[in-house]
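Chemist: Can you read through this structure? Questions will come right after.
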Amino acid sequence: MNIILMGPPGAGKGTQASRLVNEYGLTQISTGDLFRKAINEQNQYGVIAKYFIQFGHLVPDDFTIQMVRDYLKDNTFENGFILDGFPRTIVQARELESIAKEFKFNIDAIVNLDIPQAKLIKRLSGRRTCKDCGSTFHVEFNPPKQEDICDKCGGELYQRSDESEEAVQVRLETYNRQTKPLIDYYTMKGTIININGDQPMEDVFKDIEKALEDK
Ligand code: ADP
Ligand code: AMP
């Protein structure tokens with residue numbers, strides 16, 4: 001099964017994607033993670049992506065699409081994949097449709113995590129990410145057993161550099177302007193599943209599982 005997981009920054013996409021990976025053996029494809037990896041490796045994508053990410057802007061479409069295209073071409077997904085953070089614009093959504101035709105795969109479900117904007121700032125400012133495996137925690141809502149240490153791999157937890165107050169504000173505005181219209185785009189196609197993301201992580205996951213049962 002191939003899934004698109006949508007929602008504003010901090011909605012819980014990464015959190016739910018990692019549960020879907022554990023339960024169903026799906027592969028998580030997070031464009032944010034791919035960009036952060038590219039930045040660490042200082043490769044061709046990293047140098048350009050860094051410039052846009054640090055200010056909270058989207059990385060340009062052609063560049064992002066090329067990266068996703070390469071990733072889908074170069075990897076196999078035995079049990080399917082979860083696109084986490086892609087597409088984020090209508091242009092990316094249309095391109096994904098043509099990549100799907102070309103590579104002969106279907107998108108089986110589009111899941112949108114719905115949550116009031118006011119809740120996102122607290123989620124984002126409290127998020128801590130593992131330097132080694134990318135797992136995310138929250139200082140209040142999902143604290144690690146040991147402060148600043150990843151429960152999963154023992155790696156060091158850090159706060160992302162695009163989580164400054166200014167960058168978060170720009171990211172939320174960017175979401176409203178460029179990504180939110182995708183909800184209408186997929187609603188008109190009749191393919192979107194809206195999930196209440198403003199509830200405990202376990203309950204969000206139960207609702208996603210229930211919605212995917214019929215797929
Ligand atoms: P996204 O990938 O959509 O940006 P994350 O999954 O990284 O969001 O979640 C953002 C922050 O909110 C993380 O610190 C995470 O631990 C926390 N979080 C995720 N889901 C919930 C939830 N249902 N309730 C409370 N906190 C949550
Ligand atoms: P995320 O980890 O999903 O919050 O993404 C972090 C940052 O990476 C975003 O603020 C964007 O700058 C960039 N990014 C991630 N995915 C995309 C995408 N699909 N299109 C453009 N930029 C993206």
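Ligands are numbered from 1 in the order shown, residues from 1 within each chain, and chains are lettered A, B, ... in the order they appear in the structure tokens.
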Which residues are near ligand 1 - at most 8 Å, using only C-alpha atoms and all ligand atoms? Format: as number ranges by chain.
Modeler: A: 6-17, 84-85, 120, 122-129, 136-143, 197-204
Chemist: Report as a Markdown table the residues of chain A within 8 Å of ligand 2, each with its shortest atom pair and distance in Å (one decimal), using only C-alpha atoms and all ligand atoms, ordered by chain and increasing residue number.
Modeler:
```
| residue | atom | partner | partner_atom_place_in_ligand_line | distance |
| --- | --- | --- | --- | --- |
| A:Pro9 | CA | ligand 2 | 4 (O) | 5.4 |
| A:Gly10 | CA | ligand 2 | 4 (O) | 7.4 |
| A:Ser30 | CA | ligand 2 | 3 (O) | 6.5 |
| A:Thr31 | CA | ligand 2 | 16 (N) | 4.4 |
| A:Gly32 | CA | ligand 2 | 2 (O) | 3.4 |
| A:Asp33 | CA | ligand 2 | 2 (O) | 5.7 |
| A:Phe35 | CA | ligand 2 | 8 (O) | 6.2 |
| A:Arg36 | CA | ligand 2 | 8 (O) | 7.6 |
| A:Ala49 | CA | ligand 2 | 12 (O) | 7.1 |
| A:Phe52 | CA | ligand 2 | 12 (O) | 5.6 |
| A:Ile53 | CA | ligand 2 | 12 (O) | 3.7 |
| A:Gln54 | CA | ligand 2 | 12 (O) | 7.2 |
| A:Phe55 | CA | ligand 2 | 12 (O) | 7.7 |
| A:Gly56 | CA | ligand 2 | 10 (O) | 4.9 |
| A:His57 | CA | ligand 2 | 12 (O) | 4.8 |
| A:Leu58 | CA | ligand 2 | 22 (N) | 3.7 |
| A:Val59 | CA | ligand 2 | 22 (N) | 3.9 |
| A:Pro60 | CA | ligand 2 | 21 (C) | 6.0 |
| A:Asp61 | CA | ligand 2 | 20 (N) | 6.2 |
| A:Thr64 | CA | ligand 2 | 20 (N) | 5.6 |
| A:Ile65 | CA | ligand 2 | 19 (N) | 7.8 |
| A:Asp84 | CA | ligand 2 | 3 (O) | 6.8 |
| A:Gly85 | CA | ligand 2 | 3 (O) | 4.7 |
| A:Phe86 | CA | ligand 2 | 19 (N) | 4.0 |
| A:Pro87 | CA | ligand 2 | 19 (N) | 4.9 |
| A:Arg88 | CA | ligand 2 | 19 (N) | 4.6 |
| A:Thr89 | CA | ligand 2 | 20 (N) | 7.1 |
| A:Gln92 | CA | ligand 2 | 19 (N) | 7.3 |
| A:Asp162 | CA | ligand 2 | 10 (O) | 7.3 |
| A:Arg171 | CA | ligand 2 | 10 (O) | 5.8 |
```
Chemist: Grab the atom CA of Gln169 of chain A to atom CA of Ile121 of chain A distance for me, in Å with one decimal place.
Modeler: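 Taking atom CA of Gln169 of chain A as the start and atom CA of Ile121 of chain A as the end point, the length is 8.5 Å.
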Chemist: Choose the residue, out of A:Gln178, A:Cys133, A:Ser98, A:Ser164, that has the smallest atom-to-atom separation from Cys150 of chain A; count only C-alpha atoms.
Modeler: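 Checking each candidate against Cys150 of chain A, we get A:Cys133 as the closest.
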Chemist: Considering only C-alpha atoms, state which residue in the set A:Thr174, A:Asn106, A:Asn75, A:Ser161 is at the smallest distance from Tyr51 of chain A.
Modeler: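 Closest candidate: A:Ser161.
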Chemist: Work out how far atom CA of Leu83 of chain A is from atom CA of Asp184 of chain A, in Å to one decimal.
Modeler: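 Straight-line distance from atom CA of Asp184 of chain A to atom CA of Leu83 of chain A works out to 18.5 Å.
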Chemist: With distances taken over only C-alpha atoms, which of A:Gly154, A:Asn79, A:Asn43, A:Glu147 is nearest to Glu23 of chain A?
Modeler: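 Smallest distance to Glu23 of chain A is found for A:Asn79.
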Chemist: If you run DSSP over the backbone, which residues in segment 107-195 of chain A end up strand (DSSP E)? Put them as a list in words.
Modeler: Ala109, Ile110, Val111, Asn112, Leu113, Asp114, Arg127, Arg128, Thr129, Cys130, Thr136, Phe137, His138, Leu157, Tyr158, Ile192, Ile193, Asn194 and Ile195 of chain A
Chemist: Using only C-alpha atoms, can you tell me which of A:Glu209, A:Asp108, A:Glu102, A:Asp132 comes closest to Ile4 of chain A?
Modeler: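 With only C-alpha atoms as the atom set, the closest residue is A:Asp108.
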